[in-house]
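What follows is the content of model05.txt, which has compact mmCIF, C-alpha atoms:
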```
# COMPACT_ATOMS: atom_id res chain seq x y z
CA ILE A 1 7.63 188.52 3.16
CA ILE A 2 9.85 187.45 6.01
CA ASN A 3 8.29 185.05 8.49
CA ARG A 4 9.54 184.90 12.05
CA GLY A 5 7.24 182.64 13.99
CA ASN A 6 3.92 184.50 13.80
CA GLN A 7 5.61 187.74 12.76
CA SER A 8 6.02 188.86 9.16
CA LEU A 9 7.61 191.78 7.42
CA GLN A 10 6.70 192.77 3.90
CA ARG A 11 8.35 195.41 1.81
CA PRO A 12 8.30 195.62 -2.01
CA SER A 13 11.93 196.23 -2.89
CA ALA A 14 14.02 195.42 -5.94
CA SER A 15 17.34 196.05 -4.22
CA LEU A 16 18.53 193.24 -1.99
CA ILE A 17 21.12 195.41 -0.25
CA ASP A 18 18.66 198.21 0.52
CA PHE A 19 16.18 195.64 1.73
CA PHE A 20 18.54 194.23 4.34
CA ILE A 21 19.69 197.59 5.68
CA ASP A 22 16.38 198.06 7.52
CA ILE A 23 16.20 194.56 9.00
CA ILE A 24 16.96 194.20 12.71
CA ASN A 25 17.56 190.91 14.51
CA ALA A 26 17.38 188.97 11.26
CA ASP A 27 18.93 185.95 12.93
CA GLY A 28 15.48 184.92 14.21
CA PHE A 29 13.77 184.71 10.84
CA LYS A 30 13.08 181.27 9.36
CA LYS A 31 11.54 182.16 6.00
CA LEU A 32 12.60 184.80 3.48
CA GLU A 33 10.49 185.41 0.35
CA LEU A 34 12.05 187.64 -2.32
CA ARG A 35 10.17 186.40 -5.36
CA TYR A 36 9.39 188.61 -8.36
CA ASN A 37 11.94 191.35 -7.77
CA ASN A 38 14.84 192.67 -9.84
CA ILE A 39 17.68 191.26 -7.76
CA ARG A 40 20.77 190.82 -9.92
CA LYS A 41 23.40 189.91 -7.37
CA ILE A 42 23.73 188.71 -3.79
CA GLU A 43 26.81 190.04 -2.04
CA PRO A 44 28.81 187.81 0.36
CA ASN A 45 27.51 189.53 3.52
CA ASP A 46 23.88 190.03 2.49
CA LEU A 47 22.65 186.90 4.26
CA LYS A 48 25.13 186.70 7.13
CA ASP A 49 22.54 187.57 9.82
CA PHE A 50 19.97 184.98 8.74
CA THR A 51 21.55 182.15 10.69
CA LYS A 52 18.23 180.40 11.48
CA LEU A 53 16.79 180.68 7.99
CA GLU A 54 15.14 177.46 6.76
CA VAL A 55 13.44 178.66 3.56
CA LEU A 56 14.90 181.07 0.99
CA ASN A 57 12.82 181.85 -2.11
CA LEU A 58 14.50 183.93 -4.83
CA GLU A 59 12.24 182.85 -7.68
CA ASN A 60 11.81 185.19 -10.65
CA ASN A 61 14.74 187.55 -10.27
CA LEU A 62 17.73 188.43 -12.44
CA ILE A 63 20.50 186.58 -10.63
CA ASP A 64 23.16 185.38 -13.08
CA GLU A 65 25.93 184.20 -10.75
CA LEU A 66 26.28 182.52 -7.37
CA ASN A 67 29.28 182.70 -5.05
CA HIS A 68 29.41 179.91 -2.46
CA VAL A 69 30.34 182.45 0.24
CA ILE A 70 26.84 183.96 0.21
CA PHE A 71 25.48 180.77 1.80
CA ALA A 72 28.22 180.48 4.45
CA ASP A 73 25.93 181.39 7.38
CA LEU A 74 22.83 179.47 6.28
CA ALA A 75 23.60 176.21 8.05
CA ASN A 76 19.89 175.58 8.79
CA LEU A 77 18.53 176.16 5.29
CA ASN A 78 16.50 173.23 3.96
CA TYR A 79 14.73 174.80 0.95
CA LEU A 80 16.31 177.03 -1.72
CA ASN A 81 14.35 178.21 -4.75
CA LEU A 82 16.27 179.93 -7.57
CA GLU A 83 13.76 179.14 -10.30
CA TYR A 84 13.38 181.66 -13.15
CA ASN A 85 16.69 183.48 -12.87
CA ASN A 86 19.58 183.92 -15.32
CA LEU A 87 22.09 181.40 -13.99
CA LYS A 88 24.36 179.97 -16.68
CA LEU A 89 26.91 177.98 -14.69
CA ILE A 90 26.92 176.04 -11.43
CA LYS A 91 30.47 176.17 -10.09
CA ASN A 92 32.37 173.69 -7.99
CA GLY A 93 31.14 173.81 -4.38
CA THR A 94 28.47 176.47 -4.93
CA PHE A 95 26.21 174.99 -2.23
CA SER A 96 28.89 173.37 -0.05
CA PHE A 97 27.82 175.24 3.10
CA LEU A 98 24.20 174.07 2.89
CA ARG A 99 24.58 170.78 4.75
CA LYS A 100 20.90 170.57 5.76
CA LEU A 101 19.41 171.47 2.36
CA THR A 102 16.78 168.95 1.23
CA ASN A 103 15.20 170.72 -1.77
CA LEU A 104 17.05 172.73 -4.45
CA ASN A 105 15.13 174.28 -7.36
CA LEU A 106 17.23 175.57 -10.27
CA ALA A 107 14.56 175.16 -12.95
CA HIS A 108 13.95 177.69 -15.72
CA ASN A 109 17.40 179.24 -15.76
CA LYS A 110 19.96 179.37 -18.58
CA ILE A 111 22.32 176.76 -17.17
CA LEU A 112 24.67 175.41 -19.83
CA PHE A 113 27.24 173.66 -17.72
CA LEU A 114 27.71 171.94 -14.37
CA GLU A 115 31.26 171.93 -13.04
CA SER A 116 32.65 168.82 -11.36
CA TYR A 117 31.61 168.73 -7.70
CA ALA A 118 28.91 171.33 -8.37
CA PHE A 119 26.71 169.81 -5.67
CA ILE A 120 29.39 168.67 -3.23
CA GLY A 121 28.28 169.05 0.38
CA LEU A 122 24.58 168.48 -0.30
CA ASN A 123 24.55 165.19 1.56
CA MET A 124 20.95 165.61 2.75
CA LEU A 125 19.43 166.76 -0.54
CA ARG A 126 16.28 164.84 -1.52
CA VAL A 127 15.03 166.84 -4.54
CA LEU A 128 17.12 168.47 -7.30
CA ASN A 129 15.20 170.31 -10.03
CA LEU A 130 17.15 171.29 -13.16
CA ASN A 131 14.18 171.33 -15.53
CA ASN A 132 14.07 173.77 -18.44
CA ASN A 133 17.72 174.68 -18.80
CA PHE A 134 20.30 174.22 -21.57
CA ILE A 135 22.33 171.30 -20.22
CA LYS A 136 23.73 168.95 -22.87
CA SER A 137 25.51 166.41 -20.70
CA PHE A 138 26.56 165.46 -17.19
CA ASP A 139 28.51 162.66 -15.54
CA ALA A 140 29.17 161.17 -12.11
CA LYS A 141 31.57 163.98 -11.11
CA ASN A 142 28.81 166.54 -11.57
CA LEU A 143 26.59 164.64 -9.13
CA ILE A 144 29.11 163.70 -6.44
CA GLY A 145 27.71 164.25 -2.96
CA LEU A 146 24.07 163.56 -3.77
CA VAL A 147 23.98 160.30 -1.85
CA MET A 148 20.48 160.85 -0.39
CA LEU A 149 18.84 162.21 -3.56
CA GLU A 150 15.40 160.74 -4.24
CA ASN A 151 14.05 162.91 -7.08
CA PHE A 152 16.26 164.11 -9.94
CA LEU A 153 14.38 166.29 -12.43
CA ILE A 154 16.24 167.30 -15.58
CA LYS A 155 13.56 167.35 -18.26
CA SER A 156 13.32 169.93 -21.06
CA ASN A 157 17.06 170.40 -21.48
CA TYR A 158 19.30 169.46 -24.42
CA LEU A 159 20.75 166.20 -23.12
CA GLU A 160 22.35 164.22 -25.93
CA ILE A 161 23.98 161.43 -23.95
CA ILE A 162 23.90 159.74 -20.56
CA GLU A 163 27.45 158.83 -19.63
CA THR A 164 28.21 155.37 -18.26
CA ASN A 165 27.93 155.19 -14.46
CA SER A 166 26.55 158.73 -14.19
CA PHE A 167 24.38 157.70 -11.23
CA LEU A 168 26.86 155.36 -9.57
CA LEU A 169 26.56 156.75 -6.02
CA MET A 170 22.83 157.55 -6.02
CA ARG A 171 21.41 154.40 -4.46
CA ASN A 172 18.40 156.23 -2.96
CA LEU A 173 17.15 157.68 -6.24
CA ARG A 174 13.45 156.92 -6.72
CA VAL A 175 12.29 159.20 -9.55
CA LEU A 176 14.35 160.22 -12.59
CA GLU A 177 12.70 162.63 -15.05
CA MET A 178 14.56 163.11 -18.35
CA ALA A 179 11.68 163.80 -20.73
CA ASN A 180 11.90 166.37 -23.53
CA ASN A 181 15.60 166.08 -24.30
CA GLU A 182 17.71 165.09 -27.33
CA LEU A 183 18.70 161.54 -26.36
CA THR A 184 19.12 159.15 -29.29
CA LYS A 185 20.53 156.08 -27.53
CA LEU A 186 21.69 154.90 -24.13
CA ASN A 187 25.11 153.60 -23.14
CA LYS A 188 25.65 150.32 -21.37
CA ASN A 189 25.29 150.83 -17.63
CA SER A 190 23.87 154.34 -18.06
CA PHE A 191 21.56 153.59 -15.15
CA GLN A 192 23.73 151.23 -13.15
CA ASN A 193 23.47 150.95 -9.36
CA LEU A 194 19.98 152.42 -8.89
CA PRO A 195 18.32 149.77 -6.67
CA SER A 196 15.64 152.16 -5.36
CA LEU A 197 14.51 153.56 -8.72
CA ASN A 198 10.72 153.34 -9.10
CA GLU A 199 10.17 155.50 -12.17
CA ILE A 200 12.18 156.81 -15.10
CA ASP A 201 10.61 159.15 -17.64
CA LEU A 202 12.33 159.24 -21.06
CA LYS A 203 9.39 160.37 -23.16
CA ASN A 204 9.71 162.84 -26.00
CA ASN A 205 13.36 162.17 -26.79
CA ARG A 206 14.85 160.77 -30.00
CA LEU A 207 15.63 157.26 -28.80
CA PHE A 208 15.82 154.71 -31.61
CA ASP A 209 18.00 152.04 -30.00
CA LEU A 210 17.34 150.36 -26.65
CA SER A 211 19.73 147.43 -27.14
CA ARG A 212 21.67 148.68 -24.15
CA GLY A 213 21.13 151.07 -21.27
CA LEU A 214 18.17 149.49 -19.47
CA GLU A 215 19.81 146.20 -18.52
CA ASN A 216 20.24 147.13 -14.85
CA MET A 217 16.69 148.33 -14.25
CA ILE A 218 15.09 145.04 -13.26
CA LEU A 219 13.51 146.52 -10.11
CA THR A 220 12.16 149.68 -11.74
CA LYS A 221 8.36 149.68 -11.74
CA ARG A 222 7.65 152.29 -14.43
CA VAL A 223 9.61 153.15 -17.58
CA ILE A 224 8.06 155.82 -19.81
CA LEU A 225 9.25 155.75 -23.45
CA SER A 226 6.40 157.47 -25.28
CA ARG A 227 7.08 159.80 -28.22
CA ASN A 228 10.51 158.52 -29.23
CA SER A 229 11.77 157.00 -32.50
CA LEU A 230 11.74 153.33 -31.58
CA LYS A 231 11.25 150.83 -34.41
CA ILE A 232 11.85 147.56 -32.61
CA PHE A 233 11.75 146.54 -28.97
CA LYS A 234 13.79 143.44 -28.14
CA LYS A 235 13.30 141.46 -24.97
CA ASN A 236 16.97 141.73 -23.95
```

Would you kindly transcribe this structure into structure tokens?
Amino acid sequence: IINRGNQSLQRPSASLIDFFIDIINADGFKKLELRYNNIRKIEPNDLKDFTKLEVLNLENNLIDELNHVIFADLANLNYLNLEYNNLKLIKNGTFSFLRKLTNLNLAHNKILFLESYAFIGLNMLRVLNLNNNFIKSFDAKNLIGLVMLENFLIKSNYLEIIETNSFLLMRNLRVLEMANNELTKLNKNSFQNLPSLNEIDLKNNRLFDLSRGLENMILTKRVILSRNSLKIFKKN
């Protein structure tokens, strides 16, 4: 379904290229729904006419790779849903053209690795969803550019470690969900410089040592540590 004001166009099509061939004056459309198709690839020029697009939903397709050029003309996009695809890697600068994006959903893919500067350019992003992937680690370079991020969701991955200063530039972060991972302990200053953090969810990990890692979270209102392997809990 493509929404253009009160107009809509619906056509069940599995081929993204064939779908666009029949579209006229696409530059006026603000919402494009392509969920539950068999789209495998988006070519660089497929979205070039959708200059006013604000919402792009590609949930439940077969996309396994993203080229940053495909988003070059989507300067007004604020919501991008790529949930339930086959993405394995997020490359440097993949979303660099999406300066107005506020919500990015990459959940339920097969992402193994985030390149440095994977999210560069997303200066307005408020919500990043990486739930249910295969990510084992990340650091500050992977998250550079996310200065306005408020909700970071990365539960149900395979995280084994949180690097020191991973969230150094994310002063607006309010909710951090890291449940259902493989964390055993936290490094000193793992959560440094998060003055706005209200909630952190670390349940269902393998944490056995909390002697370090939480020392900078004096303003955090809710810390969830259920279903870990803690034996002692010291005041410090």

One-decimal distance in Å that lies between atom CA of Leu225 of chain A and atom CA of Leu143 of chain A |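 One can read the atom CA of Leu143 of chain A to atom CA of Leu225 of chain A distance as 24.2 Å.
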
Axis-aligned box for segment 38-56 of chain A, 6 Å per side, centre and edges in Å as JSON:
```
{"center_x": 21.1, "center_y": 185.1, "center_z": 0.8, "size_x": 27.4, "size_y": 27.2, "size_z": 33.4}
```

Can you pull out every residue within 8 Å of Leu82 of chain A, counting all atoms listed in the file, but drop anything in the same chain fewer than 4 positions away, and send it as an mmCIF file with C-alpha atoms, in the coordinates of the input?
```cif
data_model
loop_
_atom_site.group_PDB
_atom_site.id
_atom_site.type_symbol
_atom_site.label_atom_id
_atom_site.label_comp_id
_atom_site.auth_asym_id
_atom_site.auth_seq_id
_atom_site.Cartn_x
_atom_site.Cartn_y
_atom_site.Cartn_z
ATOM 1 C CA ASN A 57 12.820 181.850 -2.110
ATOM 2 C CA LEU A 58 14.500 183.930 -4.830
ATOM 3 C CA GLU A 59 12.240 182.850 -7.680
ATOM 4 C CA ASN A 60 11.810 185.190 -10.650
ATOM 5 C CA LEU A 104 17.050 172.730 -4.450
ATOM 6 C CA ASN A 105 15.130 174.280 -7.360
ATOM 7 C CA LEU A 106 17.230 175.570 -10.270
ATOM 8 C CA ALA A 107 14.560 175.160 -12.950
#
```

Kindly provide, as an MDAnalysis selection string, the polymer residues lying within 6 Å of (22.7, 160.1, -25.8), counting only C-alpha atoms and using the coordinates exactly as they appear in the file.
-> chainID A and resid 160:162 183:186

Distance of atom CA of Leu202 of chain A from atom CA of Ser226 of chain A, expressed in Å to one decimal place |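 Computed distance, atom CA of Ser226 of chain A to atom CA of Leu202 of chain A, equals 7.5 Å.
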
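Within the 8 Å cut-off around Asn172 of chain A, using only C-alpha atoms and omitting residues fewer than 5 positions from it on the same chain, the listed residues are Val147, Met148, Leu149, Glu150, Leu194, Pro195, Ser196 and Leu197 of chain A.
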
With a cut-off of 8 Å, could you pull out the residues of segment 90-206 of chain A touching segment 66-81 of chain A and give me the nearest pair of atoms for each, distance in Å to one decimal, using only C-alpha atoms, ordered by chain and ascending number, as a Markdown table?
```
| residue | atom | partner | partner_atom | distance |
| --- | --- | --- | --- | --- |
| A:Ile90 | CA | A:Leu66 | CA | 7.7 |
| A:Gly93 | CA | A:His68 | CA | 6.6 |
| A:Thr94 | CA | A:His68 | CA | 4.3 |
| A:Phe95 | CA | A:His68 | CA | 5.9 |
| A:Ser96 | CA | A:His68 | CA | 7.0 |
| A:Phe97 | CA | A:Ala72 | CA | 5.4 |
| A:Leu98 | CA | A:Ala75 | CA | 5.6 |
| A:Arg99 | CA | A:Ala75 | CA | 6.4 |
| A:Lys100 | CA | A:Asn78 | CA | 5.4 |
| A:Leu101 | CA | A:Asn78 | CA | 3.8 |
| A:Thr102 | CA | A:Asn78 | CA | 5.1 |
| A:Asn103 | CA | A:Tyr79 | CA | 4.9 |
| A:Leu104 | CA | A:Leu80 | CA | 5.1 |
| A:Asn105 | CA | A:Asn81 | CA | 4.8 |
| A:Leu106 | CA | A:Asn81 | CA | 6.8 |
```

Writing out the chosen residues with C-alpha atoms as a PDB file, in the coordinates of the input:
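Resulting contents of again.pdb:
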```pdb
ATOM      1  CA  ILE A  90      26.920 176.040 -11.430  1.00  0.00           C
ATOM      2  CA  GLY A  93      31.140 173.810  -4.380  1.00  0.00           C
ATOM      3  CA  THR A  94      28.470 176.470  -4.930  1.00  0.00           C
ATOM      4  CA  PHE A  95      26.210 174.990  -2.230  1.00  0.00           C
ATOM      5  CA  SER A  96      28.890 173.370  -0.050  1.00  0.00           C
ATOM      6  CA  PHE A  97      27.820 175.240   3.100  1.00  0.00           C
ATOM      7  CA  LEU A  98      24.200 174.070   2.890  1.00  0.00           C
ATOM      8  CA  ARG A  99      24.580 170.780   4.750  1.00  0.00           C
ATOM      9  CA  LYS A 100      20.900 170.570   5.760  1.00  0.00           C
ATOM     10  CA  LEU A 101      19.410 171.470   2.360  1.00  0.00           C
ATOM     11  CA  THR A 102      16.780 168.950   1.230  1.00  0.00           C
ATOM     12  CA  ASN A 103      15.200 170.720  -1.770  1.00  0.00           C
ATOM     13  CA  LEU A 104      17.050 172.730  -4.450  1.00  0.00           C
ATOM     14  CA  ASN A 105      15.130 174.280  -7.360  1.00  0.00           C
ATOM     15  CA  LEU A 106      17.230 175.570 -10.270  1.00  0.00           C
TER      16      LEU A 106
END
```

Residue neighbourhood Asn198 of chain A, 9 Å, only C-alpha atoms, exclusion window fewer than 5 positions, as a PyMOL selection string | chain A and resi 173-176+219-223

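If all atoms listed in the file are the atoms counted, then among A:Ile224, A:Leu32, A:Leu153, A:Leu210 the closest residue to Phe50 of chain A is A:Leu32.
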
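Using only C-alpha atoms, the shortest contact distance between Phe134 of chain A and any of A:Tyr84, A:Tyr158, A:Phe208, A:Phe191 is found at A:Tyr158.
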
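The spacing separating atom CA of Asn109 of chain A from atom CA of Ile39 of chain A amounts to 14.4 Å.
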
What would the file be for segment 32-53 of chain A if you keep C-alpha atoms and write it as an mmCIF file, in the first residue's frame?
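Contents of the output file selection15.cif:
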```
data_model
loop_
_atom_site.group_PDB
_atom_site.id
_atom_site.type_symbol
_atom_site.label_atom_id
_atom_site.label_comp_id
_atom_site.auth_asym_id
_atom_site.auth_seq_id
_atom_site.Cartn_x
_atom_site.Cartn_y
_atom_site.Cartn_z
ATOM 1 C CA LEU A 32 5.346 2.924 1.182
ATOM 2 C CA GLU A 33 4.350 -0.502 2.549
ATOM 3 C CA LEU A 34 6.081 -3.514 0.979
ATOM 4 C CA ARG A 35 5.748 -5.992 3.821
ATOM 5 C CA TYR A 36 5.476 -9.748 3.271
ATOM 6 C CA ASN A 37 6.864 -9.946 -0.248
ATOM 7 C CA ASN A 38 9.834 -11.756 -1.767
ATOM 8 C CA ILE A 39 12.065 -8.752 -2.366
ATOM 9 C CA ARG A 40 15.706 -9.820 -2.412
ATOM 10 C CA LYS A 41 17.455 -6.666 -3.520
ATOM 11 C CA ILE A 42 16.846 -2.945 -3.871
ATOM 12 C CA GLU A 43 18.680 -1.389 -6.786
ATOM 13 C CA PRO A 44 20.259 2.099 -6.475
ATOM 14 C CA ASN A 45 17.559 3.830 -8.556
ATOM 15 C CA ASP A 46 14.498 1.990 -7.249
ATOM 16 C CA LEU A 47 13.607 4.679 -4.711
ATOM 17 C CA LYS A 48 14.927 7.767 -6.484
ATOM 18 C CA ASP A 49 11.445 9.213 -7.188
ATOM 19 C CA PHE A 50 10.170 8.910 -3.615
ATOM 20 C CA THR A 51 11.676 12.181 -2.464
ATOM 21 C CA LYS A 52 8.870 12.992 0.016
ATOM 22 C CA LEU A 53 8.680 9.534 1.544
#
```
